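For reference, run-v3.txt is printed below; it contains compact mmCIF, C-alpha atoms.
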```txt
# COMPACT_ATOMS: atom_id res chain seq x y z
CA MET P 28 0.00 0.00 0.00
CA ALA P 29 2.78 2.41 0.94
CA LEU P 30 4.63 1.70 -2.29
CA GLY P 31 1.43 2.18 -4.22
CA ARG P 32 0.76 5.61 -2.71
CA LEU P 33 4.30 6.80 -3.43
CA GLY P 34 4.11 5.48 -6.96
CA GLN P 35 0.79 7.20 -7.60
CA CYS P 36 2.05 10.64 -6.59
CA CYS P 37 4.94 10.42 -9.09
CA ARG P 38 3.16 8.69 -11.96
CA SER P 39 2.62 11.85 -13.99
CA VAL P 40 6.32 12.73 -13.79
CA LEU P 41 7.40 9.30 -14.98
CA PHE P 42 4.97 9.15 -17.87
CA GLU P 43 5.13 12.74 -19.14
CA PRO P 44 8.23 14.40 -20.65
CA CYS P 45 10.10 16.52 -18.15
CA LYS P 46 9.43 20.18 -18.97
CA THR P 47 10.47 21.80 -15.71
CA VAL P 48 13.44 21.72 -13.33
CA LEU P 49 15.51 21.48 -14.12
CA CYS P 50 48.82 6.56 -32.42
CA GLY P 51 51.46 8.44 -30.29
CA VAL P 52 54.64 9.00 -32.30
CA LEU P 53 54.55 7.81 -35.90
CA GLN P 54 57.31 5.44 -36.84
CA PRO P 55 58.33 4.04 -40.24
CA GLY P 56 55.76 1.49 -41.35
CA TRP P 57 53.85 1.54 -38.09
CA ILE P 58 51.43 3.66 -36.11
CA GLN P 59 51.57 3.48 -32.36
CA GLY P 60 48.20 4.23 -30.78
CA ARG P 61 48.10 6.15 -27.54
CA VAL P 62 46.29 4.44 -24.70
CA GLY P 63 45.93 7.59 -22.64
CA VAL P 64 42.89 8.89 -24.50
CA LYS P 65 39.75 7.54 -22.84
CA ARG P 66 36.77 9.43 -24.16
CA HIS P 67 33.27 8.21 -24.84
CA LEU P 68 32.00 7.98 -28.40
CA LEU P 69 28.29 8.70 -27.94
CA SER P 70 26.86 12.20 -27.90
CA GLU P 71 24.49 13.55 -25.27
CA ASP P 72 21.68 13.12 -27.83
CA THR P 73 22.08 9.36 -27.45
CA ILE P 74 23.00 9.02 -23.78
CA LYS P 75 20.42 11.65 -22.69
CA LEU P 76 21.95 11.80 -19.24
CA GLN P 77 20.98 15.42 -18.61
CA ASP P 78 17.30 14.79 -19.35
CA PHE P 79 17.37 11.76 -17.08
CA GLN P 80 19.00 13.71 -14.24
CA GLN P 81 16.37 16.44 -14.55
CA ARG P 82 13.61 13.84 -14.26
CA LYS P 83 15.30 12.37 -11.19
CA LEU P 84 15.35 15.80 -9.57
CA VAL P 85 11.63 16.22 -10.18
CA VAL P 86 10.84 12.83 -8.64
CA ALA P 87 13.12 13.49 -5.65
CA HIS P 88 11.43 16.86 -5.11
CA LEU P 89 7.98 15.28 -5.07
CA ILE P 90 8.79 12.67 -2.46
CA THR P 91 11.40 14.50 -0.38
CA GLY P 92 12.04 12.65 2.88
CA SER P 93 10.54 9.37 1.69
CA GLU P 94 13.43 7.99 -0.38
CA GLY P 95 15.00 5.96 2.43
CA ASN P 96 11.62 4.67 3.51
CA TYR P 97 10.85 3.65 -0.07
CA PHE P 98 14.02 1.57 -0.39
CA GLN P 99 13.35 -0.03 2.99
CA LEU P 100 9.83 -0.96 1.95
CA PHE P 101 11.10 -2.28 -1.36
CA SER P 102 13.71 -4.45 0.36
CA GLN P 103 11.00 -5.93 2.57
CA LYS P 104 8.89 -6.60 -0.49
CA LEU P 105 11.78 -8.48 -2.11
CA GLN P 106 12.30 -10.54 1.04
CA ARG P 107 8.62 -11.50 1.01
CA ASN P 108 9.00 -12.54 -2.64
CA GLU P 109 6.10 -10.29 -3.65
CA LEU P 110 5.28 -9.31 -7.24
CA ILE P 111 7.10 -6.20 -8.53
CA LEU P 112 4.80 -3.85 -10.40
CA ARG P 113 5.99 -1.86 -13.40
CA ASN P 114 5.38 1.59 -11.91
CA GLU P 115 7.05 0.59 -8.63
CA LEU P 116 10.19 -0.46 -10.50
CA LYS P 117 10.12 2.69 -12.56
CA LEU P 118 9.95 4.87 -9.46
CA LEU P 119 12.68 2.86 -7.74
CA LEU P 120 15.08 3.45 -10.63
CA HIS P 121 14.40 7.18 -10.58
CA LEU P 122 15.28 7.33 -6.87
CA CYS P 123 18.64 5.50 -7.00
CA GLN P 124 21.50 7.65 -5.74
CA SER P 125 24.22 5.17 -4.74
CA ALA P 126 25.76 1.78 -5.49
CA ASP P 127 23.76 0.27 -2.59
CA ASP P 128 20.54 1.57 -4.12
CA MET P 129 21.56 0.01 -7.42
CA LEU P 130 22.01 -3.40 -5.80
CA ILE P 131 18.39 -3.28 -4.65
CA ALA P 132 17.35 -2.12 -8.12
CA LYS P 133 19.27 -5.00 -9.72
CA ASP P 134 17.52 -7.55 -7.46
CA ALA P 135 14.18 -5.96 -8.33
CA ILE P 136 14.95 -6.18 -12.04
CA TYR P 137 15.85 -9.86 -11.68
CA ARG P 138 12.58 -10.55 -9.83
CA TYR P 139 10.60 -8.59 -12.39
CA THR P 140 12.32 -10.35 -15.31
CA THR P 141 11.92 -13.82 -13.82
CA TYR P 142 8.19 -13.37 -13.22
CA HIS P 143 7.45 -12.12 -16.73
CA ASN P 144 9.67 -14.74 -18.38
CA GLU P 145 7.92 -17.54 -16.49
CA ASN P 146 4.52 -16.17 -17.41
CA ARG P 147 5.56 -15.31 -20.99
CA ASN P 148 4.37 -11.78 -20.46
CA PHE P 149 7.14 -9.31 -21.10
CA ALA P 150 5.25 -6.27 -22.27
CA HIS P 151 6.47 -3.01 -20.71
CA GLY P 152 4.27 -0.93 -22.96
CA LYS P 153 6.22 1.85 -24.63
CA PHE P 154 8.54 2.27 -21.66
CA LYS P 155 12.03 0.74 -21.82
CA PHE P 156 13.69 -0.02 -18.51
CA GLY P 157 17.07 -0.99 -19.97
CA PRO P 158 18.32 2.50 -20.95
CA LEU P 159 17.12 3.84 -17.60
CA PHE P 160 19.22 1.33 -15.65
CA MET P 161 22.26 1.92 -17.88
CA ARG P 162 22.01 5.70 -17.52
CA LEU P 163 22.07 5.18 -13.77
CA CYS P 164 25.22 3.07 -14.10
CA PHE P 165 26.71 5.76 -16.35
CA GLU P 166 25.87 8.49 -13.85
CA LEU P 167 27.26 6.58 -10.85
CA GLY P 168 30.32 5.16 -12.63
CA LEU P 169 29.19 1.54 -12.24
CA GLU P 170 30.47 0.09 -15.50
CA ASN P 171 31.19 -3.30 -13.89
CA MET P 172 27.60 -3.60 -12.68
CA ALA P 173 26.34 -2.59 -16.12
CA PHE P 174 28.52 -5.26 -17.74
CA SER P 175 27.60 -8.05 -15.33
CA THR P 176 23.89 -7.25 -15.49
CA LEU P 177 23.76 -7.00 -19.27
CA THR P 178 25.68 -10.24 -19.85
CA ASP P 179 23.72 -12.18 -17.18
CA THR P 180 21.70 -14.83 -19.01
CA ARG P 181 18.99 -14.58 -16.33
CA MET P 182 18.31 -11.01 -17.47
CA LYS P 183 17.66 -11.99 -21.07
CA GLY P 184 14.62 -10.15 -22.35
CA PHE P 185 14.91 -7.17 -20.02
CA PHE P 186 17.66 -5.50 -22.07
CA SER P 187 16.21 -6.06 -25.52
CA ASP P 188 16.93 -2.60 -26.94
CA THR P 189 19.98 -1.34 -28.80
CA THR P 190 20.38 1.77 -26.63
CA SER P 191 21.09 -0.22 -23.44
CA PHE P 192 23.93 -2.07 -25.13
CA ASN P 193 25.32 1.08 -26.75
CA ILE P 194 25.45 3.00 -23.46
CA THR P 195 27.18 0.06 -21.77
CA ILE P 196 29.79 -0.30 -24.51
CA ASP P 197 30.40 3.45 -24.41
CA MET P 198 30.91 3.28 -20.63
CA LEU P 199 33.39 0.43 -20.95
CA PHE P 200 35.18 2.17 -23.82
CA MET P 201 35.55 5.32 -21.75
CA LYS P 202 37.10 3.32 -18.87
CA GLY P 203 39.45 1.44 -21.20
CA CYS P 204 37.69 -1.93 -20.67
CA TYR P 205 37.89 -2.92 -24.34
CA GLU P 206 37.73 -6.70 -23.84
CA SER P 207 34.53 -6.30 -21.82
CA ALA P 208 33.11 -3.98 -24.48
CA LEU P 209 33.78 -6.65 -27.10
CA GLU P 210 32.04 -9.23 -24.91
CA VAL P 211 28.96 -6.99 -24.74
CA LEU P 212 28.98 -6.83 -28.55
CA ARG P 213 29.05 -10.64 -28.66
CA THR P 214 26.13 -10.79 -26.20
CA MET P 215 24.26 -8.28 -28.32
CA ARG P 216 24.79 -10.42 -31.43
CA ASN P 217 23.86 -13.67 -29.66
CA GLN P 218 20.60 -12.19 -28.36
CA GLY P 219 19.63 -10.92 -31.78
CA VAL P 220 19.66 -7.24 -30.82
CA SER P 221 20.03 -5.13 -33.95
CA PHE P 222 23.09 -2.95 -34.57
CA ASN P 223 22.56 0.71 -35.47
CA SER P 224 25.02 3.39 -36.62
CA ASP P 225 26.11 4.13 -33.03
CA THR P 226 26.82 0.45 -32.47
CA MET P 227 29.02 0.33 -35.56
CA VAL P 228 31.08 3.30 -34.34
CA LEU P 229 31.45 1.70 -30.91
CA ALA P 230 32.33 -1.70 -32.39
CA ALA P 231 34.95 -0.28 -34.76
CA GLY P 232 36.38 1.93 -32.00
CA THR P 233 36.66 -1.00 -29.60
CA CYS P 234 38.38 -3.18 -32.21
CA TYR P 235 40.74 -0.30 -33.05
CA LYS P 236 41.72 0.11 -29.41
CA LEU P 237 42.36 -3.62 -28.98
CA ASN P 238 44.48 -3.69 -32.16
CA THR P 239 44.78 -7.48 -32.34
CA ALA P 240 44.45 -9.86 -35.26
CA GLU P 241 41.17 -11.14 -33.77
CA SER P 242 39.69 -7.66 -33.27
CA TYR P 243 40.74 -6.75 -36.82
CA ARG P 244 38.96 -9.82 -38.18
CA ILE P 245 35.83 -8.95 -36.20
CA CYS P 246 35.90 -5.35 -37.43
CA THR P 247 36.26 -6.18 -41.12
CA THR P 248 33.60 -8.92 -40.86
CA LEU P 249 31.13 -6.48 -39.29
CA MET P 250 31.80 -3.94 -42.01
CA GLU P 251 31.23 -6.51 -44.75
CA GLU P 252 28.03 -7.82 -43.15
CA GLU P 253 26.53 -4.36 -42.72
CA GLN P 254 27.45 -3.41 -46.27
CA GLU P 255 25.86 -6.58 -47.66
CA LYS P 256 22.66 -5.74 -45.77
CA GLY P 257 22.65 -2.30 -47.40
CA HIS P 258 23.01 -0.48 -44.09
CA LEU P 259 24.66 2.92 -43.97
CA ILE P 260 27.97 2.77 -42.13
CA PRO P 261 29.07 6.07 -40.52
CA LYS P 262 32.36 7.51 -41.73
CA HIS P 263 33.52 7.61 -38.12
CA ALA P 264 33.26 3.82 -38.03
CA TYR P 265 35.05 3.56 -41.38
CA SER P 266 37.83 5.83 -40.08
CA PHE P 267 38.41 3.56 -37.09
CA ALA P 268 38.50 0.54 -39.41
CA VAL P 269 40.91 2.22 -41.84
CA VAL P 270 43.43 3.17 -39.14
CA LEU P 271 43.12 -0.30 -37.60
CA ALA P 272 43.94 -1.81 -41.01
CA LEU P 273 47.00 0.45 -41.20
CA ARG P 274 48.09 -0.64 -37.74
CA GLN P 275 47.74 -4.24 -38.90
CA SER P 276 49.88 -3.41 -41.97
CA ASP P 277 47.02 -4.19 -44.37
CA LEU P 278 47.36 -1.22 -46.74
CA GLU P 279 45.15 -2.74 -49.43
CA GLU P 280 42.22 -3.19 -47.04
CA ALA P 281 42.76 0.30 -45.63
CA GLN P 282 42.51 1.80 -49.12
CA SER P 283 39.42 -0.29 -49.88
CA LEU P 284 37.67 0.82 -46.69
CA PHE P 285 38.59 4.46 -47.20
CA SER P 286 37.19 4.39 -50.76
CA ARG P 287 33.75 3.55 -49.33
CA ILE P 288 33.52 6.82 -47.39
CA MET P 289 31.16 9.08 -49.32
CA ASN P 290 32.42 12.43 -48.03
CA THR P 291 36.09 12.69 -47.12
CA ASN P 292 36.35 16.47 -46.84
CA GLY P 293 36.39 16.58 -43.05
CA ARG P 294 39.43 17.00 -40.85
CA LEU P 295 39.63 13.38 -39.69
CA CYS P 296 39.26 11.90 -43.18
CA GLN P 297 41.84 14.27 -44.67
CA ASN P 298 44.36 13.28 -42.01
CA VAL P 299 43.68 9.61 -42.65
CA LYS P 300 44.00 10.22 -46.39
CA VAL P 301 47.43 11.83 -46.01
CA LEU P 302 48.52 8.94 -43.82
CA ILE P 303 47.39 6.31 -46.35
CA LEU P 304 49.10 8.12 -49.22
CA ALA P 305 52.33 8.47 -47.24
CA MET P 306 52.33 4.83 -46.19
CA THR P 307 51.72 3.62 -49.74
CA GLY P 308 54.57 5.76 -51.06
CA ALA P 309 52.38 8.32 -52.83
CA VAL P 310 54.22 11.22 -51.20
CA ALA P 311 53.49 13.63 -54.06
CA ASP P 312 49.75 13.05 -53.70
CA ALA P 313 49.98 13.50 -49.94
CA ILE P 314 51.75 16.85 -50.44
CA SER P 315 49.00 17.87 -52.88
CA VAL P 316 46.36 17.25 -50.19
CA LEU P 317 48.28 19.47 -47.77
CA SER P 318 48.79 22.16 -50.41
CA ALA P 319 45.08 22.19 -51.25
CA ALA P 320 44.31 22.93 -47.60
CA LEU P 321 46.40 26.10 -47.84
CA LEU P 322 44.38 27.57 -50.70
CA PRO P 323 41.81 30.23 -49.65
CA THR P 324 38.88 28.44 -51.31
CA SER P 325 36.49 28.84 -48.38
CA PRO P 326 35.09 32.02 -46.71
CA PHE P 327 37.23 33.62 -44.00
CA PHE P 328 34.75 32.64 -41.27
CA VAL P 329 35.05 28.91 -42.10
CA LYS P 330 37.76 27.19 -40.10
CA ARG P 331 40.51 25.78 -42.28
CA LEU P 332 41.52 22.14 -42.17
CA GLU P 333 44.02 21.17 -39.51
CA PHE P 334 46.50 18.33 -39.72
CA SER P 335 47.97 16.40 -36.85
CA GLN P 336 51.61 17.06 -36.05
CA GLU P 337 52.30 13.33 -36.05
CA VAL P 338 50.75 12.95 -39.53
CA VAL P 339 52.83 15.71 -41.12
CA ASP P 340 55.93 14.45 -39.30
CA PHE P 341 55.32 11.02 -40.77
CA LEU P 342 55.05 12.57 -44.24
CA ARG P 343 58.35 14.36 -43.66
CA LEU P 344 59.90 11.05 -42.69
CA LYS P 345 58.63 9.29 -45.80
CA SER P 346 59.95 12.08 -48.04
CA GLU P 347 63.48 11.95 -46.66
CA GLY P 348 66.08 11.07 -49.27
CA THR P 349 63.70 11.75 -52.17
CA SER P 350 63.32 14.61 -54.64
CA LEU P 351 60.14 15.65 -52.78
CA MET P 352 61.85 16.27 -49.48
CA VAL P 353 62.18 20.05 -49.94
CA LYS P 354 58.63 20.39 -51.23
CA ALA P 355 57.24 18.43 -48.28
CA GLU P 356 59.19 20.56 -45.80
CA GLN P 357 58.04 23.81 -47.41
CA THR P 358 54.39 22.73 -47.42
CA VAL P 359 54.43 21.61 -43.80
CA THR P 360 56.17 24.86 -42.77
CA GLN P 361 53.48 26.89 -44.55
CA LEU P 362 50.77 24.92 -42.72
CA GLU P 363 52.47 25.54 -39.39
CA GLN P 364 52.74 29.28 -40.10
CA ALA P 365 49.05 29.35 -41.06
CA GLY P 366 48.13 27.68 -37.76
CA GLN P 367 46.87 24.56 -39.54
CA VAL P 368 49.02 22.04 -37.68
CA THR P 369 47.59 20.81 -34.37
CA GLN P 370 49.16 18.89 -31.52
CA GLN P 371 46.12 16.63 -31.47
CA THR P 372 47.11 13.11 -32.42
CA LEU P 373 45.18 10.95 -34.85
CA ASP P 374 43.97 8.96 -31.85
CA ASP P 375 42.64 12.19 -30.29
CA MET P 376 40.70 12.93 -33.47
CA LEU P 377 39.30 9.43 -33.72
CA CYS P 378 38.19 9.33 -30.09
CA GLN P 379 36.78 12.85 -29.95
CA THR P 380 33.34 12.90 -28.35
CA PRO P 381 30.71 14.05 -30.88
CA THR P 382 28.93 17.27 -30.01
CA GLY P 383 25.49 16.10 -31.07
CA LYS P 384 22.74 18.30 -32.37
CA ARG P 385 22.35 21.83 -31.07
CA ARG P 386 19.23 22.27 -29.00
CA GLU P 387 17.16 25.12 -30.27
CA LYS P 388 15.62 27.44 -27.72
CA PRO P 389 11.82 27.41 -27.76
CA ILE P 390 10.36 30.21 -29.83
CA GLN P 391 8.64 32.68 -27.58
CA GLY P 392 5.06 33.50 -28.33
CA ARG P 393 4.26 36.71 -30.18
CA ARG P 394 3.78 39.71 -27.86
CA ARG P 395 0.11 40.61 -27.67
CA THR P 396 0.20 43.69 -25.44
CA SER P 397 1.85 47.07 -25.80
CA ARG P 398 4.81 47.64 -23.51
CA ARG P 399 3.90 51.35 -23.28
CA THR P 400 0.14 51.26 -22.65
CA LEU P 401 -0.24 47.63 -21.51
CA LYS P 402 -3.28 47.43 -23.81
CA PRO P 403 -3.80 44.82 -26.56
CA LEU P 404 -1.63 45.69 -29.59
CA GLN P 405 -4.57 45.74 -31.99
CA PHE P 406 -6.45 48.22 -29.76
CA THR P 407 -3.34 50.42 -29.44
CA LEU P 408 -2.76 50.57 -33.20
CA LEU P 409 -6.38 51.49 -33.88
CA SER P 410 -6.38 54.26 -31.30
CA GLU P 411 -3.21 55.96 -32.56
```

As a first step, turn the structure in this file into structure tokens.
Amino acid sequence: MALGRLGQCCRSVLFEPCKTVLCGVLQPGWIQGRVGVKRHLLSEDTIKLQDFQQRKLVVAHLITGSEGNYFQLFSQKLQRNELILRNELKLLLHLCQSADDMLIAKDAIYRYTTYHNENRNFAHGKFKFGPLFMRLCFELGLENMAFSTLTDTRMKGFFSDTTSFNITIDMLFMKGCYESALEVLRTMRNQGVSFNSDTMVLAAGTCYKLNTAESYRICTTLMEEEQEKGHLIPKHAYSFAVVLALRQSDLEEAQSLFSRIMNTNGRLCQNVKVLILAMTGAVADAISVLSAALLPTSPFFVKRLEFSQEVVDFLRLKSEGTSLMVKAEQTVTQLEQAGQVTQQTLDDMLCQTPTGKRREKPIQGRRRTSRRTLKPLQFTLLSE
């Protein structure tokens, strides 16, 4: 009864949208990836952590002083082996503030999942619990709990959405747990959860970080499968795959993968292009790419292309002892003087967190009263 009353007072908040409150140094024939860069690959548009935190604040405000009592009541309900209702679980997840709270939530999820699996009734309506639980893990830094819960065979069916898996992989990627991230991808495949564009970026990024023969095989296989299905593969995923192929000394595959990128005009792709050309011995073509970036073909307010210091240094190295050595040095010097050489490494560029879409401010309604007379505008115009 107590749980029911608490759940009823917060039901509108949980169902309605919240509107208030709230690699390294380049060496001949090899690229050494830096392991120090640990950024996540999903934008806020996908993780939606800020929206979730705002909703939590609203719920906490509505039941201030009752959170501890709610968790105590819920623990007693679990001990009595009582049925967990959907709205009770939803409220519980919105109240979690610590790792101890999450342990209770995990037990509740297991009870909820077991009951619905046994009764073959796993309809949550339009609400998805999986992303909610994973956002909590993301917020509290509980990547190990996210991994163990998602890969637990007893939880099969509860995490049936792509977003839950993507957030977990992103968490593990950010913490440098690449083997675990790869295991989540395997679980995702085994459970028949579909891959989307975010998954492909995460998968390619994870394989790139591992940089093993096995991860390279997995990456190229995924790319081929998605292409055969006619799915659009993001250029970010292709870029990871291309650099991984270069690190595995497979220049032919790197060129093949790069040729599939539809638009290569961006900073990351241009850096990768110079690297491929330099590694294949096409130094003249690589210099041409750098020279083209110096030309004032774009408006002054458009930021010019930047090239990584390690990429241009690698080009310098490949040009040594050739007739193009002077030309390469002159071009790189001009780029440096123009401020178009950055200390960002290729790994930095690859692992840069996407900004996501800009949120537009709501358009304010048209003013209907005069600021001078405080009368309706139409009346004011007629009287003047």

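Counting from CA of Tyr97 in chain P, the distance to CA of Leu119 in chain P is 7.9 Å.
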
Point (43.7, 23.5, -39.6), cut-off 12 Å, counting all atoms listed in the file, residues as an MDAnalysis selection string: chainID P and resid 293:295 297:298 317 319:322 329:336 359 361:371

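One distance worth recording is that between CA of Ala173 in chain P and CA of Lys155 in chain P, which is 15.8 Å.
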
Local residues around (36.5, 0.3, -48.2), at most 10 Å away, using all atoms listed in the file, as a PyMOL selection string: chain P and resi 247+250-251+254+265-266+268-269+279-288

Exercise: range 165-167 of chain P partners within 9 Å, only C-alpha atoms, chain neighbours under 4 positions left out, as an NGL selection string: :P and (74 or 76 or 80 or 124-126 or 160-161 or 173 or 194-195 or 198)

Minimum-distance residue to Gln106 in chain P, chosen among P:Ala305, P:Leu122, P:Ala355, P:Ala135 (using only C-alpha atoms):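 The answer is P:Ala135, which sits nearest to Gln106 in chain P.
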
Shell around range 108-110 of chain P at 9 Å using only C-alpha atoms, local window under 5 positions removed, as a PyMOL selection string: chain P and resi 103+138-139+142

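Among the candidate residues P:Thr190, P:Thr233, P:Ser221, P:Thr349, the one lying nearest to Ala311 in chain P is P:Thr349, with distances computed using all atoms listed in the file.
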
Point-to-point distance in Å for CA of Ala313 in chain P and CA of Val301 in chain P: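 CA of Val301 in chain P sits 5.0 Å away from CA of Ala313 in chain P.
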
Pick from P:Lys354, P:Lys75, P:His88, P:Lys133, whichever lies nearest to Leu105 in chain P using all atoms listed in the file: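 The closest residue to Leu105 in chain P is P:Lys133.
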
Within 8 Å of Ala208 in chain P using only C-alpha atoms, minus same-chain residues under 3 positions, as a PyMOL selection string: chain P and resi 195-197+199-200+204-205+211-212+233

From P:Lys256, P:Arg343, P:Arg113, P:Lys104, residue lying nearest Ile131 in chain P [only C-alpha atoms]: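 Result for the nearest residue to Ile131 in chain P: P:Lys104.
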
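With all atoms listed in the file as the basis for measurement, P:Leu259 is the residue among P:Ser242, P:Glu356, P:Leu259, P:Tyr235 that approaches Phe222 in chain P most closely.
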
Contact residues around Leu209 in chain P with all atoms listed in the file at 12 Å, ignoring same-chain residues under 5 positions, as a ChimeraX atom specification: /P:174,178,192-193,195-197,199-200,203-204,214-216,226-227,229-237,241-243,245-246

For Leu69 in chain P, the nearest of the candidates P:Asn290, P:Ser350, P:Thr380, P:Thr189, counting only C-alpha atoms: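 Using only C-alpha atoms, Leu69 in chain P sits closest to P:Thr380.
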